[in-house]
>>> print(open('query-v2.txt').read())   # compact mmCIF, C-alpha atoms
# COMPACT_ATOMS: atom_id res chain seq x y z
CA MET I 18 -1.03 212.04 -167.37
CA ASP I 19 -0.83 215.74 -168.22
CA GLY I 20 -1.86 216.59 -164.68
CA THR I 21 0.96 214.49 -163.24
CA ILE I 22 3.51 216.21 -165.51
CA ASP I 23 2.20 219.58 -164.35
CA VAL I 24 2.58 218.62 -160.70
CA VAL I 25 6.11 217.28 -161.23
CA PHE I 26 7.03 220.40 -163.23
CA TRP I 27 5.90 222.76 -160.47
CA ILE I 28 7.66 220.68 -157.79
CA MET I 29 10.90 220.77 -159.83
CA SER I 30 10.49 224.50 -160.48
CA ALA I 31 9.84 225.25 -156.82
CA GLY I 32 12.92 223.20 -155.90
CA ALA I 33 15.11 224.97 -158.44
CA ILE I 34 13.89 228.44 -157.45
CA GLY I 35 14.07 227.74 -153.70
CA ALA I 36 17.60 226.34 -153.93
CA ALA I 37 18.64 229.29 -156.12
CA LEU I 38 17.30 231.69 -153.46
CA LEU I 39 19.35 229.83 -150.83
CA VAL I 40 22.48 230.23 -152.98
CA VAL I 41 22.23 234.03 -153.00
CA THR I 42 21.01 234.51 -149.40
CA VAL I 43 22.82 231.93 -147.21
CA LYS I 44 25.85 233.30 -145.34
CA ASP I 45 27.92 230.10 -145.33
CA VAL I 46 29.63 229.66 -148.71
CA PHE I 47 29.77 225.86 -148.44
CA ARG I 48 26.00 225.63 -147.83
CA ALA I 49 25.49 227.89 -150.83
CA ALA I 50 27.51 225.43 -152.93
CA LEU I 51 25.32 222.53 -151.73
CA ALA I 52 22.16 224.51 -152.55
CA LEU I 53 23.64 225.23 -155.99
CA ALA I 54 24.04 221.47 -156.65
CA GLY I 55 20.41 220.96 -155.59
CA SER I 56 19.24 223.70 -157.95
CA PHE I 57 21.18 222.13 -160.85
CA LEU I 58 19.58 218.75 -160.10
CA ALA I 59 16.07 220.24 -160.13
CA VAL I 60 16.81 221.98 -163.45
CA ALA I 61 17.94 218.61 -164.85
CA GLY I 62 14.51 217.29 -163.84
CA ILE I 63 12.87 220.11 -165.83
CA PHE I 64 15.00 219.10 -168.85
CA PHE I 65 13.70 215.53 -168.56
CA LEU I 66 10.13 216.87 -168.59
CA LEU I 67 10.96 218.91 -171.72
CA GLN I 68 11.95 215.71 -173.61
CA ALA I 69 15.63 216.71 -173.53
CA GLU I 70 17.08 213.55 -171.98
CA PHE I 71 20.60 214.02 -173.32
CA VAL I 72 20.80 217.64 -172.13
CA ALA I 73 19.48 216.53 -168.73
CA VAL I 74 22.15 213.85 -168.37
CA ALA I 75 24.86 216.25 -169.57
CA GLN I 76 23.58 218.75 -166.99
CA ILE I 77 23.88 216.17 -164.19
CA LEU I 78 27.34 215.03 -165.34
CA VAL I 79 28.82 218.48 -165.88
CA TYR I 80 27.01 220.72 -163.39
CA VAL I 81 26.10 218.42 -160.49
CA GLY I 82 29.09 216.12 -160.93
CA ALA I 83 31.93 218.40 -161.98
CA ILE I 84 31.21 222.08 -161.40
CA SER I 85 29.78 221.59 -157.89
CA ILE I 86 32.86 219.57 -156.92
CA ILE I 87 35.28 222.21 -158.29
CA VAL I 88 33.38 224.90 -156.37
CA ALA I 89 33.62 222.81 -153.18
CA PHE I 90 37.37 222.36 -153.73
CA ALA I 91 37.85 226.09 -154.31
CA ILE I 92 35.99 226.84 -151.06
CA LEU I 93 38.16 224.38 -149.13
CA LEU I 94 41.36 225.82 -150.66
CA THR I 95 40.41 229.33 -149.56
CA ARG I 96 39.55 228.29 -146.05
CA ASP I 97 38.58 231.33 -144.04
CA MET I 98 36.06 232.24 -146.74
CA GLY I 99 33.94 229.42 -145.32
CA GLN I 100 32.79 231.96 -142.76
CA GLY I 101 30.79 233.71 -145.45
CA ASN I 102 30.62 237.39 -146.20
CA GLN I 103 32.92 239.21 -143.84
CA THR I 104 31.68 242.50 -145.17
CA GLN I 105 27.93 242.95 -145.26
CA SER I 106 26.37 243.89 -148.56
CA SER I 107 25.18 247.48 -148.39
CA ARG I 108 21.44 248.13 -148.04
CA PHE I 109 21.62 250.19 -151.19
CA LEU I 110 22.84 247.17 -153.20
CA VAL I 111 20.31 244.77 -151.66
CA VAL I 112 17.34 247.05 -152.34
CA GLY I 113 18.62 248.01 -155.78
CA GLY I 114 19.35 244.40 -156.72
CA GLY I 115 15.97 243.25 -155.46
CA VAL I 116 14.11 245.93 -157.42
CA MET I 117 16.10 245.14 -160.54
CA ALA I 118 15.45 241.39 -160.23
CA ALA I 119 11.71 241.98 -159.65
CA LEU I 120 11.52 244.30 -162.66
CA PHE I 121 13.29 241.72 -164.81
CA VAL I 122 10.80 239.00 -163.81
CA LEU I 123 7.89 241.40 -164.49
CA VAL I 124 9.13 242.36 -167.96
CA ALA I 125 10.19 238.84 -169.00
CA GLY I 126 6.98 237.35 -167.59
CA PHE I 127 4.87 239.92 -169.44
CA VAL I 128 6.67 239.16 -172.71
CA ALA I 129 6.33 235.40 -172.16
CA TYR I 130 2.58 235.54 -171.51
CA ASP I 131 1.73 238.32 -173.95
CA THR I 132 3.48 236.91 -177.03
CA ALA I 133 1.46 234.60 -179.26
CA TRP I 134 3.98 231.76 -179.51
CA SER I 135 3.44 229.27 -182.30
CA ASP I 136 2.21 226.09 -180.65
CA ARG I 137 4.11 223.12 -182.02
CA ASP I 138 1.59 220.44 -181.06
CA ALA I 139 -1.25 222.35 -182.76
CA ALA I 140 0.61 223.66 -185.81
CA LEU I 141 2.21 220.49 -187.16
CA ASN I 142 0.40 217.93 -189.28
CA ASP I 143 0.24 214.28 -188.21
CA ASN I 144 3.11 213.18 -190.45
CA THR I 145 5.55 215.80 -189.17
CA MET I 146 4.44 215.14 -185.61
CA ALA I 147 5.19 211.43 -186.02
CA VAL I 148 8.66 212.21 -187.38
CA LEU I 149 9.31 214.43 -184.35
CA ASN I 150 7.67 212.46 -181.54
CA GLY I 151 6.76 209.01 -182.86
CA GLN I 152 8.33 206.71 -185.41
CA TYR I 153 9.17 207.21 -189.08
CA GLU I 154 10.80 205.49 -192.01
CA GLU I 155 12.94 206.84 -194.84
CA VAL I 156 11.58 206.54 -198.38
CA THR I 157 12.89 207.84 -201.70
CA ASP I 158 10.42 210.07 -203.51
CA ALA I 159 9.94 210.49 -207.27
CA SER I 160 12.81 212.98 -207.64
CA GLY I 161 15.27 210.75 -205.76
CA ASP I 162 15.30 212.72 -202.50
CA ILE I 163 15.08 210.89 -199.21
CA ILE I 164 11.99 211.98 -197.29
CA LEU I 165 10.69 210.92 -193.89
CA ILE I 166 7.17 209.60 -193.43
CA ALA I 167 5.31 208.32 -190.40
CA SER I 168 5.55 204.57 -189.97
CA THR I 169 4.17 201.88 -187.73
CA ASP I 170 6.12 199.05 -189.37
CA THR I 171 8.25 197.76 -186.49
CA ASP I 172 10.88 196.29 -188.82
CA VAL I 173 11.96 199.53 -190.51
CA ALA I 174 10.59 202.29 -188.27
CA MET I 175 13.13 204.56 -186.55
CA ASN I 176 12.54 206.71 -183.49
CA GLY I 177 11.62 210.35 -184.11
CA VAL I 178 13.71 213.40 -183.23
CA PHE I 179 12.40 213.87 -179.70
CA SER I 180 11.88 210.14 -179.04
CA ASP I 181 15.58 209.55 -179.65
CA SER I 182 17.20 212.95 -179.29
CA THR I 183 20.59 211.49 -178.33
CA GLY I 184 21.15 209.89 -181.72
CA TRP I 185 20.00 212.98 -183.60
CA LEU I 186 22.17 215.26 -181.43
CA GLY I 187 25.18 213.03 -182.12
CA GLY I 188 24.55 213.35 -185.85
CA LEU I 189 24.17 217.12 -185.61
CA LEU I 190 27.35 217.54 -183.54
CA VAL I 191 29.56 215.71 -186.04
CA ARG I 192 27.94 217.22 -189.15
CA ASP I 193 26.34 220.67 -188.95
CA TYR I 194 28.09 221.83 -185.78
CA VAL I 195 31.43 220.07 -186.18
CA LEU I 196 33.42 223.33 -186.41
CA ALA I 197 31.80 224.70 -183.24
CA LEU I 198 32.52 221.39 -181.51
CA GLN I 199 36.22 221.58 -182.41
CA VAL I 200 36.45 225.22 -181.32
CA LEU I 201 34.80 224.21 -178.05
CA GLY I 202 37.44 221.53 -177.55
CA VAL I 203 40.18 224.13 -178.04
CA LEU I 204 38.38 226.45 -175.59
CA LEU I 205 38.26 223.73 -172.91
CA LEU I 206 41.93 222.90 -173.48
CA ALA I 207 42.86 226.59 -173.17
CA ALA I 208 40.77 226.87 -169.98
CA ILE I 209 42.50 223.84 -168.43
CA ILE I 210 46.00 225.11 -169.31
CA GLY I 211 45.07 228.60 -168.09
CA SER I 212 43.76 227.26 -164.77
CA ILE I 213 46.90 225.21 -164.19
CA ALA I 214 49.13 228.19 -165.04
CA LEU I 215 47.17 230.43 -162.66
CA VAL I 216 47.18 228.19 -159.59
CA ARG I 217 50.66 226.63 -160.06
CA GLU I 218 53.01 227.35 -157.17
CA GLN I 219 55.51 229.93 -158.34
CA ALA I 220 58.98 228.36 -158.61
CA ALA I 221 61.52 229.91 -156.25
CA LYS I 222 63.78 232.29 -158.12
CA MET H 25 3.17 222.92 -168.23
CA ASN H 26 3.53 225.08 -171.32
CA LEU H 27 6.06 227.45 -172.89
CA GLU H 28 4.84 230.44 -170.86
CA ASN H 29 5.37 228.65 -167.54
CA VAL H 30 8.80 227.36 -168.58
CA LEU H 31 9.86 230.88 -169.59
CA LEU H 32 8.54 232.29 -166.30
CA VAL H 33 10.59 229.79 -164.26
CA SER H 34 13.61 230.58 -166.42
CA ALA H 35 13.13 234.34 -165.86
CA ILE H 36 12.79 233.89 -162.07
CA ILE H 37 16.01 231.83 -161.82
CA PHE H 38 17.81 234.35 -164.05
CA ALA H 39 16.63 237.23 -161.83
CA ILE H 40 17.81 235.40 -158.70
CA GLY H 41 21.24 234.91 -160.30
CA LEU H 42 21.28 238.59 -161.28
CA TYR H 43 20.42 239.62 -157.73
CA GLY H 44 23.20 237.41 -156.35
CA ALA H 45 25.76 238.73 -158.83
CA MET H 46 24.89 242.33 -157.88
CA THR H 47 24.68 242.04 -154.09
CA ARG H 48 27.17 239.40 -152.97
CA ARG H 49 30.82 240.35 -152.58
CA ASN H 50 32.30 236.88 -152.20
CA ALA H 51 33.95 236.01 -155.53
CA ILE H 52 32.91 232.33 -155.35
CA ILE H 53 29.24 233.22 -154.71
CA LEU H 54 29.51 235.64 -157.63
CA LEU H 55 30.60 232.76 -159.88
CA MET H 56 27.76 230.58 -158.55
CA SER H 57 25.24 233.32 -159.38
CA ILE H 58 26.58 233.49 -162.92
CA GLU H 59 26.14 229.70 -163.20
CA LEU H 60 22.52 230.13 -162.09
CA MET H 61 21.98 232.60 -164.93
CA PHE H 62 23.55 230.19 -167.46
CA ASN H 63 21.14 227.52 -166.22
CA ALA H 64 18.14 229.82 -166.62
CA VAL H 65 19.13 230.52 -170.23
CA ASN H 66 19.43 226.76 -170.86
CA ILE H 67 15.89 226.20 -169.56
CA ALA H 68 14.58 228.84 -171.98
CA ALA H 69 16.51 227.37 -174.92
CA VAL H 70 15.29 223.81 -174.32
CA GLY H 71 11.76 225.10 -173.67
CA PHE H 72 11.67 226.90 -177.02
CA SER H 73 13.00 223.74 -178.68
CA ARG H 74 10.17 221.70 -177.16
CA TYR H 75 7.23 224.04 -177.75
CA THR H 76 7.77 226.14 -180.88
CA VAL H 77 7.67 225.25 -184.57
CA PRO H 78 10.91 225.49 -186.59
CA THR H 79 10.47 227.75 -189.63
CA ALA H 80 11.32 224.87 -191.98
CA LEU H 81 8.42 222.79 -190.63
CA SER H 82 5.74 225.48 -190.37
CA GLY H 83 3.09 225.84 -193.06
CA ASP H 84 2.31 222.16 -193.69
CA PRO H 85 5.35 220.96 -195.68
CA ILE H 86 4.67 218.33 -198.33
CA ALA H 87 7.91 216.37 -197.91
CA VAL H 88 9.80 216.25 -194.62
CA THR H 89 13.57 215.71 -194.83
CA SER H 90 15.98 215.01 -192.01
CA ASP H 91 17.61 218.44 -192.45
CA MET H 92 14.23 220.06 -191.72
CA VAL H 93 13.46 218.11 -188.56
CA GLN H 94 16.98 218.56 -187.22
CA SER H 95 16.30 222.27 -186.78
CA ALA H 96 13.85 221.29 -184.03
CA LEU H 97 16.87 220.35 -181.91
CA SER H 98 18.65 223.75 -182.15
CA GLY H 99 17.73 224.57 -178.55
CA HIS H 100 19.34 221.37 -177.30
CA ILE H 101 22.53 222.16 -179.20
CA PHE H 102 22.56 225.67 -177.70
CA ALA H 103 22.13 224.23 -174.21
CA LEU H 104 24.95 221.71 -174.69
CA PHE H 105 27.39 224.36 -175.93
CA ILE H 106 26.41 226.71 -173.09
CA ILE H 107 27.01 223.92 -170.55
CA ALA H 108 30.50 223.29 -171.96
CA ALA H 109 31.36 227.00 -172.10
CA ALA H 110 30.14 227.42 -168.52
CA ALA H 111 32.39 224.57 -167.40
CA ALA H 112 35.41 226.28 -168.97
CA GLU H 113 34.39 229.60 -167.43
CA VAL H 114 33.96 228.27 -163.90
CA ALA H 115 37.30 226.41 -164.02
CA LEU H 116 39.13 229.60 -165.02
CA GLY H 117 37.14 231.77 -162.60
CA LEU H 118 37.88 229.56 -159.60
CA ALA H 119 41.57 229.36 -160.56
CA LEU H 120 41.59 233.17 -160.59
CA VAL H 121 39.91 233.30 -157.16
CA ILE H 122 42.49 230.90 -155.71
CA ALA H 123 45.41 232.83 -157.28
CA ILE H 124 44.06 236.12 -155.92
CA TYR H 125 43.42 234.58 -152.50
CA ARG H 126 47.04 233.41 -152.30
CA GLN H 127 48.30 236.89 -153.05
CA ARG H 128 45.80 239.09 -151.22
CA GLU H 129 44.35 236.77 -148.52
CA THR H 130 40.84 237.83 -149.53
CA ALA H 131 38.10 236.83 -151.94
CA ASP H 132 35.98 239.94 -151.35
CA VAL H 133 35.61 241.55 -154.76
CA SER H 134 35.17 245.03 -153.27
CA GLU H 135 38.69 244.85 -151.83
CA LEU H 136 40.26 244.09 -155.20
CA ASP H 137 40.92 247.67 -156.31
CA THR H 138 44.53 247.53 -157.54
CA LEU H 139 43.57 249.19 -160.82
CA ARG H 140 41.64 252.06 -159.13
CA GLY H 141 43.10 255.39 -160.28
>>> encode(input="query-v2.txt", output="structure tokens")
Amino acid sequence: MDGTIDVVFWIMSAGAIGAALLVVTVKDVFRAALALAGSFLAVAGIFFLLQAEFVAVAQILVYVGAISIIVAFAILLTRDMGQGNQTQSSRFLVVGGGVMAALFVLVAGFVAYDTAWSDRDAALNDNTMAVLNGQYEEVTDASGDIILIASTDTDVAMNGVFSDSTGWLGGLLVRDYVLALQVLGVLLLAAIIGSIALVREQAAK
Amino acid sequence: MNLENVLLVSAIIFAIGLYGAMTRRNAIILLMSIELMFNAVNIAAVGFSRYTVPTALSGDPIAVTSDMVQSALSGHIFALFIIAAAAAEVALGLALVIAIYRQRETADVSELDTLRG
């Protein structure tokens, strides 16, 4: 089972990285947009493997479904840009950008492999692990607080945080992060109004 | 598949986006490169959420409450907010590109030098 997940993860990663390389190297802007949609899809696959189903679906809806389509529309509205870069990027920029990207991967990779990350699966006890990944039930302890304990009783057991992340995320968004959610709504509204104001045909004076 | 590999993939995609943002002169490709970088950050955030222990849960807690386990989902929340902010950003960015294209007949960022002294 673990081996299969590894194989799928590396296939998804190779797809995401390959499509991302196409985005920044292909001359035709429209092909770059298609490669971008493919890269987003592969990243959504990685999210599924990381037990983030809701984020993965949001990624497909917003990135693959919406953003790719807006990009395609923008390319079609600015037609002669479909021919790609009219002006070649200078050698200086290509070499400099390549060196910078390689250095970034080296440094970030070194930090990722050199740091002793706490390992969740090893560090948590069985009860906490069941609340996160398995099933739990709510009980009231001696001091009247509601605590969560592992449960196998099918009548009362509820799905753990990562087994049912959608429900938990919904709870978080309307409780702990409700202010951020409202601000985000205002931001999206402002972005929509701003976009309309920018692209509206100027009325004849 | 472990945290190190997830972070490595995230770093590679971020570096590719960085390379694209630095070398390409087409404004739309520039925006796409920035989206790639957003995506790389999301992978890292969700990866940390999956593989690391929230402070509240480390050290063998006696009683687990729902507030404590919720912190395990912080990475997902980050990713969701970044996705929404990126959507707003790309909508505005493309509107800008179209507005500039109408006025200047170009989307080459190196030709947009109106403010050059």
>>> residues_around(input="query-v2.txt", residues="Ala73 in chain I", least_positions_apart="4", cutoff="12 Å", atoms="only C-alpha atoms", output="list of chain:residue names")
I:Phe57, I:Leu58, I:Ala59, I:Val60, I:Ala61, I:Gly62, I:Ile63, I:Phe64, I:Phe65, I:Leu66, I:Leu67, I:Gln68, I:Ala69, I:Ile77, I:Leu78, I:Val79, I:Tyr80, I:Val81, I:Ser182, I:Thr183, H:Asn63, H:Asn66, H:Ile67, H:Val70, H:His100, H:Ala103, H:Leu104, H:Ile107
>>> interface_residues(input="query-v2.txt", of="chain H", to="chain I", cutoff="6 Å", atoms="all atoms listed in the file", output="list in words")
Met25, Glu28, Leu32, Ala35, Ile36, Ile37, Ala39, Tyr43, Gly44, Thr47, Tyr75, Thr76, Val77, Val88, Thr89, Ala112, Leu116, Ala119 and Ala123 of chain H
>>> atom_distance(input="query-v2.txt", atom1="CA of Ile86 in chain I", atom2="CA of Leu54 in chain H")
16.4 Å
>>> atom_distance(input="query-v2.txt", atom1="CA of Asn26 in chain H", atom2="CA of Met56 in chain H")
27.9 Å
>>> atom_distance(input="query-v2.txt", atom1="CA of Ala54 in chain I", atom2="CA of Phe105 in chain H")
19.8 Å
>>> residues_around(input="query-v2.txt", residues="Phe102 in chain H", least_positions_apart="4", cutoff="8 Å", atoms="all atoms listed in the file", output="list in words")
Asn66, Ala69, Ser98 and Ile106 of chain H
>>> closest_residue(input="query-v2.txt", among="H:Ala51, H:Ala80, H:Val93, H:Leu136", to="Ile122 in chain H", atoms="all atoms listed in the file")
H:Ala51
>>> decode(input="query-v2.txt", residues="range 24-36 of chain I", atoms="N, CA, C and O atoms", output="short mmCIF file (atom, residue, chain, number, x, y, z; two decimals), in the first residue's frame")
data_model
loop_
_atom_site.label_atom_id
_atom_site.label_comp_id
_atom_site.auth_asym_id
_atom_site.auth_seq_id
_atom_site.Cartn_x
_atom_site.Cartn_y
_atom_site.Cartn_z
N VAL I 24 4.63 5.48 -5.50
CA VAL I 24 4.67 5.53 -6.97
C VAL I 24 3.75 6.63 -7.49
O VAL I 24 4.14 7.46 -8.32
N VAL I 25 2.50 6.65 -6.95
CA VAL I 25 1.54 7.67 -7.42
C VAL I 25 2.07 9.07 -7.11
O VAL I 25 1.99 9.98 -7.94
N PHE I 26 2.67 9.23 -5.90
CA PHE I 26 3.20 10.55 -5.53
C PHE I 26 4.27 11.00 -6.51
O PHE I 26 4.25 12.15 -6.98
N TRP I 27 5.20 10.09 -6.87
CA TRP I 27 6.28 10.52 -7.77
C TRP I 27 5.75 10.77 -9.17
O TRP I 27 6.25 11.67 -9.87
N ILE I 28 4.72 9.99 -9.61
CA ILE I 28 4.13 10.27 -10.93
C ILE I 28 3.49 11.65 -10.93
O ILE I 28 3.71 12.47 -11.83
N MET I 29 2.69 11.95 -9.88
CA MET I 29 2.04 13.26 -9.76
C MET I 29 3.08 14.38 -9.74
O MET I 29 2.94 15.40 -10.40
N SER I 30 4.15 14.17 -8.94
CA SER I 30 5.18 15.20 -8.82
C SER I 30 5.86 15.43 -10.15
O SER I 30 6.07 16.58 -10.56
N ALA I 31 6.20 14.33 -10.85
CA ALA I 31 6.85 14.48 -12.15
C ALA I 31 5.94 15.22 -13.11
O ALA I 31 6.39 16.10 -13.87
N GLY I 32 4.62 14.89 -13.07
CA GLY I 32 3.67 15.60 -13.93
C GLY I 32 3.61 17.07 -13.62
O GLY I 32 3.66 17.92 -14.51
N ALA I 33 3.53 17.40 -12.32
CA ALA I 33 3.43 18.81 -11.92
C ALA I 33 4.69 19.57 -12.32
O ALA I 33 4.62 20.68 -12.85
N ILE I 34 5.86 18.96 -12.07
CA ILE I 34 7.12 19.66 -12.37
C ILE I 34 7.31 19.78 -13.88
O ILE I 34 7.69 20.85 -14.39
N GLY I 35 7.01 18.70 -14.62
CA GLY I 35 7.17 18.75 -16.07
C GLY I 35 6.26 19.80 -16.70
O GLY I 35 6.69 20.59 -17.55
N ALA I 36 4.98 19.82 -16.27
CA ALA I 36 4.05 20.80 -16.82
C ALA I 36 4.48 22.22 -16.45
O ALA I 36 4.38 23.14 -17.26
#
